[in-house]
Every structure is written in C-alpha cells, then in structure tokens.
Amino acid sequence: MLTSSLKSLVLSASIAVLVTLTNAAPAPPAPAPGPPPVSHPDPCGILGAKKPSQITYSDVANCYRAVPLNNDYAAATFSTVHTLFNEFYIFKDSAMIADLPAPFSSPPTDIIRKLETIGRTRYTSDYMFHDDIRRAINSLYDGHANYDVDCYTQYYFLQSLALYAPVIDNVQTIRVFTDAAASPRRQYEDCLVRTINGVDALTYLKNWADEELNSSHDAGVRLNSALSRQFFDIKTRTFMNANSPFGIRSSLPPTESIQYQIQCGTAPPVTLNERWRVLPLVKGQFHDVASFVENTCAPQTAPAGSPGGENALHDIVKGRLMHKREEPEHYKRYLAYKERLAAEAKAKAHEDAAPAPPPTPAPGQLQQQFAGADLLSAGNGTAFYHLKSQPDVGVLVFHTFDADPDYEVPNLIRGLKTFHARGVTKLVIDLQGNGGGFISLTANTVNTFFPSNEFLATNLASDLRVTPVIQQLAAAAYNQTQGIYDAAQYIDFNNNNQAYTDDSLFSSPVSYTRGGRTSQYTQRTTATNALAPNDPSLATFAWTNNAANIRILTDGLCGSSCAIVAHHLTNVHKVEAYAIGGNNGDSLSMYSFAGGTVSDDKKISGFYEEVNLTSPLEPLPYASTVGLPILEIYSHGSDVPLEYDAAVYPSAYRMAYTTSNSQDRHIMWGEVASHAWSA
C-alpha cells in the first residue's frame with residue numbers, strides 16, 4: 001500500500017502567514033459597521049430565543065459579530081484555502097492579466113497576495129475573517145470560484161422590491177419588477193426607481209454588482225445577474241418571476257435597510273426605507289455564542305460516498321465530467337423554503353378562489369402559459385415551444401445541462417422530431433440563466449445540430465495546472481481512479497488521439513508566462529468523452545448543419561458547460577447569437593465562466609484518499625466549501641484560455657429588456673425570430 005505525506009511540499013509558502021493567525025496577540029476589536037450591538041451579554045442567545053417572525057437584521061448581525069476568532073480554526077482554514085488557490089487554481093496566473101479587452105472589465109487580481117494579506121491581518125471577529133476570504137475570492141470574477149461558510153449563511157435577507165432595467169426610448173432606467181409587500185398591497189410594479197441610498201439607481205446597482213458579484217468578467221452580465229428576471233421552473237413547467245442577488249442575500253448586508261426614491265407615473269416621488277426581512281434557514285438550535293458555533297458551524301460528519309454526504313471521490317459522475325458550480329447547502333435550503341411557500345400560497349389561493357376554479361390541465365397535459373406560443377413538451381433540462389404567429393419557428397429552452405444525459409439526449413431528439421412534424425424549419429435556442437452541467441450532455445447537444453464523428457472537446461483543447469503535489473497525485477492515480485488527475489482519461493494529441501499510456505501528461509509539463517508569472521501546465525489534451533450515435537432522422541431536419549436556421553438567445557448568464565455549447569455553436573459553426581440586457585449601448589458577452597472543470601476542497605482531498613496519499617489540505621473546521629476550476633479550455637486555434645479570451649465573447653446582436661418582453665418570454669422569442677428571418 002502506497003502512503004505518503006504531501007503537506008511538507010506546500011507548507012513553506014504559507015508558514016509565515018500562518019504564524020500571524022496562530023500567534024496573534026489579542027487586539028482591541030474595531031467598531032463593527034452597521035447598527036450598534038445590543039447591550040446583552042450574549043447576542044446569539046437573543047437571536048436563538050426569538051421566534052422566526054420576530055428576528056431582525058440587528059439580531060443576526062450582533063450574533064455574527066459576537067463570534068470570536070478561533071486562531072486554530074482560522075489557521076486551518078487559511079492553510080486549505082491558500083493551498084487550493086496556490087497549487088490547484090487553474091487561473092492563478094491568468095487572473096493577473098491587466099487591461100482585458102471589451103466586453104471584459106475586470107481588474108487584475110493576485111489572489112495569493114490577497115489571501116496572504118488576510119493571513120497577516122490581526123482579526124478578532126470570526127465573521128470578518130471568513131467574509132474577507134469570501135470577498136477576496138469573489139474579486140476574481142470567476143463564477144466557478146467560491147467560498148461558502150454555513151454558519152454565516154444561516155439567515156437570508158429579503159427585500160420586497162425586485163428590480164429590473166428596461167430600456168424605454170433608448171434610455172435605460174431601473175424599475176420595479178415585482179413588489180412582494182403584502183400588507184398594504186402597494187402595487188409599485190413598473191414604477192421608476194430614481195435613487196437607491198441617495199445615488200442614481202442604475203449607477204448604484206452597477207457599482208454594487210461590480211463589488212459583490214463574481215458571475216462574469218463582463219460588467220453588463222454582472223448587472224444582469226444583479227437584477228430580477230424570469231426562470232423556467234421544472235416543477236410547474238412554466239416561467240416564473242424571481243428576485244435577484246440584490247434583493248435576496250445569503251451574506252449579511254452592510255446596513256439594516258435600503259432607501260429607495262420611487263416615482264409612479266406623474267405622481268410625486270416617494271421615499272421608502274425598506275428594512276431587510278429575515279428568513280431563518282438555521283438547522284440547529286442554540287442559546288449562546290458557543291452553542292451557535294457548535295450547532296450551526298460544525299461540519300457534517302457524513303462520510304464520502306454516503307447517501308447524505310457531499311464528498312464525491314472524484315469529479316466523475318456516472319463517468320461524466322461536471323462543468324457546473326455546485327450550489328451551496330444554504331441555497332438548497334432556501335429553494336426548499338421557496339417550494340414550501342409556493343405550495344402554501346397555491347393552497348390558500350384555492351381556498352380563497354370563487355366556487356368555479358380556473359380549469360387545470362388534464363393529467364399528462366402541459367399548462368399553456370403564453371398566448372403566442374404553445375408548450376409542446378418539457379424534459380428535465382429542456383422545454384419546446386412553438387410560436388403561433390411564426391409557425392415555422394420553434395423555441396428550444398435549454399435551462400440547464402445538469403440533467404441525466406441518458407434521458408435528456410433522447411428527450412432532445414424527441415422534441416426536435418415534434419418540431420419537424422409540425423413544419424418547424426427554424427430554431428431559437430434560449431440559453432438564458434443556464435449555469436451548466438454535464439459536459440457529455442453539452443457535447444451531444446452540439447453534435448445533434450452539427451453531427452460529427454469527432455469529439456466536441458477536440459476543438460476545445462484543455463490543460464491542467466502542474467505542481468509537485470499534483471504530480472505525486474497523478475503518478476499514483478494513473479489508470480486507477482478514472483478521476484480528473486488520472487492521465488488515462490485524456491487523449492494524447494501527439495499519439496493519434498489515443499488515450500495516454502502513462503502519466504507523462506503530468507510528469508512532462510510545459511511552461512507558460514501569464515500575468516507576469518511563469519508556471520507549469522500539462523500538454524494540451526481533452527477528456528475521452530464519447531458521443532452518442534447520431535439519430536438518422538437528424539439529416540431530415542431543416543436546421544441540421546445549417547447555421548442560417550438557428551439563433552441563440554442569451555443573457556450572458558449561460559455559464560460553464562453552457563458556455564461551451566454557446567461558444568462552439570457560434571465560433572465553430574457560425575450560429576449568430578442575440579444577447580439581451582446588460583448596459584445599454586455596450587457589447588455583451590454571450591456566456592460566462594467558461595473556464596472548465598470545477599472541483600472543491602472535499603473532492604480534491606478525496607482524490608488523494610482514493611490512492612492512499614495524505615491530502616495537502618487540512619479539513620475545514622466549519623461546514624463550508626471552497627470551489628474552484630482546476631482545468632481550463634481553449635478556443636480553437638487560440639493560445640488564450642477561453643475564460644480570458646474576450647475576443648470570442650461578444651454576441652452578434654444586442655437586445656434590450658423592455659417592460660413587455662421582460663414579463664412575457666414569448667415576446668422576446670418573437671423579436672429574435674422577426675429580426676433573424678424577416679422577409
């Protein structure tokens with residue numbers, strides 16, 4: 001049995017910083033921003049004793065800020081985060097590239113320097129320590145990179161007003177998308193938001209998105225991410241309105257309220273001081289600071305591979321690479337709450353309804369939502385709509401690639417056959433808000449429209465970072481794990497595209513200089529993903545191998561493996577794309593965080609455990625996840641990683657949100673179809 005310790009290879013880089021965290025002399029706490037703490041010996045005791053409906057922003061803020069820094073926990077956390085980004089993060093060097101061309105606007109970021117600054121800071125507040133790590137990682141503007149700590153996301157903070165940014169007469173403004181205030185019912189929908197906290201509303205939201213959101217290097221996409229929009233709900237098979245990261249926050253907001261100046265029509269402006277409503281998602285009970293830490297911060301003990309465990313031993317799920325950021329546990333709990341709330345609201349609506357309820361679809365029938373489009377079918381990642389006013393146009397909504405390819409690929413073919421049977425000859429592929437999923441599903445999606453005997457990724461070569469700790473893992477993993485550091489899972493471009501027969505992919509690296517720093521990487525390669533056999537009926541479809549009969553619709557929030565689909569369709573097969581929203585008048589990216597395969601601290605430790613090596617990562621003391629991309633992809637013929645290859649991101653056409661198409665997706669589809677295929 002092979003056993004080895006790798007920690008000695010990585011500790012030297014951070015040992016000086018760790019000394020600060022472990023030996024720091026107590027420093028007087030700095031005054032906490034926001035409301036002053038209550039004069040109670042234990043703020044978490046106050047929070048824990050309150051009923052959910054009575055909890056205020058100040059209750060949560062005071063409890064969070066009362067948790068003292070545990071130097072041992074902080075040292076272990078810092079060691080793991082520092083090691084992950086220093087040894088494994090594929091864009092450690094690329095993130096330092098300055099002056100990125102449009103549509104990108106993100107500044108260069110030396111993540112290691114930022115982390116080491118945190119390591120040298122004398123913290124007394126545990127919350128501030130973890131929040132600074134979160135902000136440092138967010139500053140990469142990489143949607144795959146994240147730091148989520150359960151105990152400081154136990155409460156969500158909600159605003160009643162959801163906002164959007166329509167363009168009216170070529171002027172972009174912020175308006176109210178929905179108003180959730182129930183009592184009294186204010187009906188502020190579509191009213192103009194003039195200012196937020198005394199600043200022009202559009203300017204305020206742009207600045208907030210740049211500071212808080214990491215969804216894209218493109219400021220226009222970050223603005224889209226900050227604002228409210230519609231999403232396809234897989235349970236109801238309908239589009240539903242959703243709030244946004246600006247109005248629903250898992251992290252503690254800086255102040256207890258937001259001030260809006262709103263004007264409805266010609267009426268005088270009104271000023272609203274909207275306090276944050278608090279939604280408790282806490283799983284454990286507590287009665288003081290100590291029990292808060294013990295019951296809400298402690299990590300789950302479910303072992304790797306157990307039904308309740310999050311630890312997969314490698315990035316292969318059913319043999320398929322995942323290109324998607326894993327949703328944090330607190331967000332899953334929030335979604336469960338939303339589902340419960342929707343069910344309760346539906347039940348109450350039935351109770352309050354008139355004796356003759358509206359007709360409901362018969363079993364097996366789909367609810368028809370739009371007057372101008374028929375919903376023909378829906379899978380777990382797709383929905384198929386037929387435009388009534390343009391009967392030769394079908395709309396394929398691909399809202400996620402996080403669906404079982406064994407089901408979704410046949411479902412995709414069935415839906416396209418239905419289009420063909422109805423006389424559809426042109427397709428709008430709606431990729432808005434698609435955060436990615438299985439790379440094999442994305443490969444087969446592209447292959448459905450442009451059949452080929454080649455691998456999708458052959459035209460999108462990849463590589464991985466190479467460091468001593470990775471080389472030792474790769475040597476032990478070769479032909480043993482089917483994991484991401486097993487060279488047998490990759491194609492050798494220098495050997496007739498055959499799988500690697502040894503670990504030379506990692507043992508014989510090449511050097512690249514990016515952002516002024518030189519590091520080692522593997523040779524260009526690609527994973528050995530096989531494509532499903534082509535269905536003979538594909539050849540009969542009017543859009544197959546015909547870019548002129550396909551259009552893409554995106555809001556730039558098509559991320560990860562969705563970005564690979566959009567990139568391949570547009571840059572390889574020359575399908576034209578329409579991008580909606582963003583900053584009026586500026587170009588907008590078709591996709592975001594196209595980086596490649598994403599992993600996290602637990603999975604990487606699992607790789608080492610699987611081959612009987614000691615992981616270089618300390619177990620995180622708190623229930624938390626550090627996510628990051630570890631494989632990068634290149635556009636065909638480019639030496640710039642796709643994540644930073646700004647030249648291939650802009651869409652062919654720009655669209656604006658309006659007061660009508662924002663609330664009715666079929667209007668948006670009709671606008672694309674009319675522009676693309678008008679006589």
# chains A, B, ... in the order shown; residues from 1 in each chain; ligands from 1
>>> closest_atom_pairs(of="range 577-631 of chain A", to="range 476-489 of chain A", cutoff="10 Å", atoms="only C-alpha atoms", output="tab-separated table")
residue	atom	partner	partner_atom	distance
A:Thr597	CA	A:Ile484	CA	8.7
A:Ser599	CA	A:Ile484	CA	9.6
A:Ile604	CA	A:Ile484	CA	9.7
A:Phe607	CA	A:Gly483	CA	7.4
A:Tyr608	CA	A:Ala477	CA	8.5
A:Glu610	CA	A:Thr481	CA	7.4
A:Val611	CA	A:Ala476	CA	6.2
A:Asn612	CA	A:Ala476	CA	8.6
A:Leu613	CA	A:Ala476	CA	8.3
A:Ile630	CA	A:Ile484	CA	9.0
A:Leu631	CA	A:Ile484	CA	8.7
>>> closest_residue(among="A:Asp639, A:Glu618, A:Asp148, A:Asp601", to="Ala74 in chain A", atoms="only C-alpha atoms")
A:Glu618
>>> closest_residue(among="A:Arg422, A:Asp288, A:Leu620, A:Met96", to="Ala75 in chain A", atoms="only C-alpha atoms")
A:Leu620
>>> residues_around(residues="Pro299 in chain A", least_positions_apart="2", cutoff="8 Å", atoms="only C-alpha atoms", output="MDAnalysis selection string")
chainID A and resid 297 301 620:624
>>> decode(residues="range 125-143 of chain A", atoms="N, CA and C atoms", output="short mmCIF file (atom, residue, chain, number, x, y, z; two decimals), in the first residue's frame")
data_model
loop_
_atom_site.label_atom_id
_atom_site.label_comp_id
_atom_site.auth_asym_id
_atom_site.auth_seq_id
_atom_site.Cartn_x
_atom_site.Cartn_y
_atom_site.Cartn_z
N SER A 125 -12.73 39.20 15.02
CA SER A 125 -14.06 38.75 14.62
C SER A 125 -13.94 37.57 13.67
N ASP A 126 -14.52 36.47 14.02
CA ASP A 126 -14.55 35.29 13.16
C ASP A 126 -15.31 35.58 11.87
N TYR A 127 -16.43 36.27 12.00
CA TYR A 127 -17.23 36.60 10.83
C TYR A 127 -16.43 37.42 9.82
N MET A 128 -15.71 38.43 10.28
CA MET A 128 -14.95 39.28 9.37
C MET A 128 -13.85 38.50 8.66
N PHE A 129 -13.21 37.57 9.35
CA PHE A 129 -12.18 36.74 8.75
C PHE A 129 -12.76 35.96 7.57
N HIS A 130 -13.87 35.27 7.79
CA HIS A 130 -14.46 34.46 6.72
C HIS A 130 -15.04 35.34 5.61
N ASP A 131 -15.60 36.48 5.97
CA ASP A 131 -16.18 37.35 4.95
C ASP A 131 -15.08 37.94 4.07
N ASP A 132 -13.93 38.24 4.63
CA ASP A 132 -12.82 38.75 3.82
C ASP A 132 -12.31 37.70 2.84
N ILE A 133 -12.29 36.43 3.25
CA ILE A 133 -11.91 35.37 2.31
C ILE A 133 -12.93 35.30 1.18
N ARG A 134 -14.21 35.36 1.53
CA ARG A 134 -15.26 35.32 0.51
C ARG A 134 -15.08 36.46 -0.49
N ARG A 135 -14.83 37.64 0.00
CA ARG A 135 -14.69 38.80 -0.89
C ARG A 135 -13.44 38.69 -1.75
N ALA A 136 -12.35 38.17 -1.19
CA ALA A 136 -11.12 38.01 -1.98
C ALA A 136 -11.36 37.07 -3.15
N ILE A 137 -12.03 35.96 -2.91
CA ILE A 137 -12.30 35.01 -3.98
C ILE A 137 -13.30 35.57 -4.97
N ASN A 138 -14.30 36.31 -4.50
CA ASN A 138 -15.24 36.95 -5.42
C ASN A 138 -14.56 37.93 -6.35
N SER A 139 -13.47 38.55 -5.90
CA SER A 139 -12.79 39.56 -6.72
C SER A 139 -12.15 38.97 -7.96
N LEU A 140 -12.12 37.64 -8.09
CA LEU A 140 -11.61 37.00 -9.30
C LEU A 140 -12.60 37.10 -10.45
N TYR A 141 -13.85 37.42 -10.16
CA TYR A 141 -14.93 37.45 -11.17
C TYR A 141 -15.00 36.12 -11.92
N ASP A 142 -14.81 35.05 -11.21
CA ASP A 142 -14.84 33.69 -11.75
C ASP A 142 -16.02 32.97 -11.10
N GLY A 143 -17.06 32.71 -11.87
CA GLY A 143 -18.25 32.09 -11.31
C GLY A 143 -18.03 30.70 -10.76
#
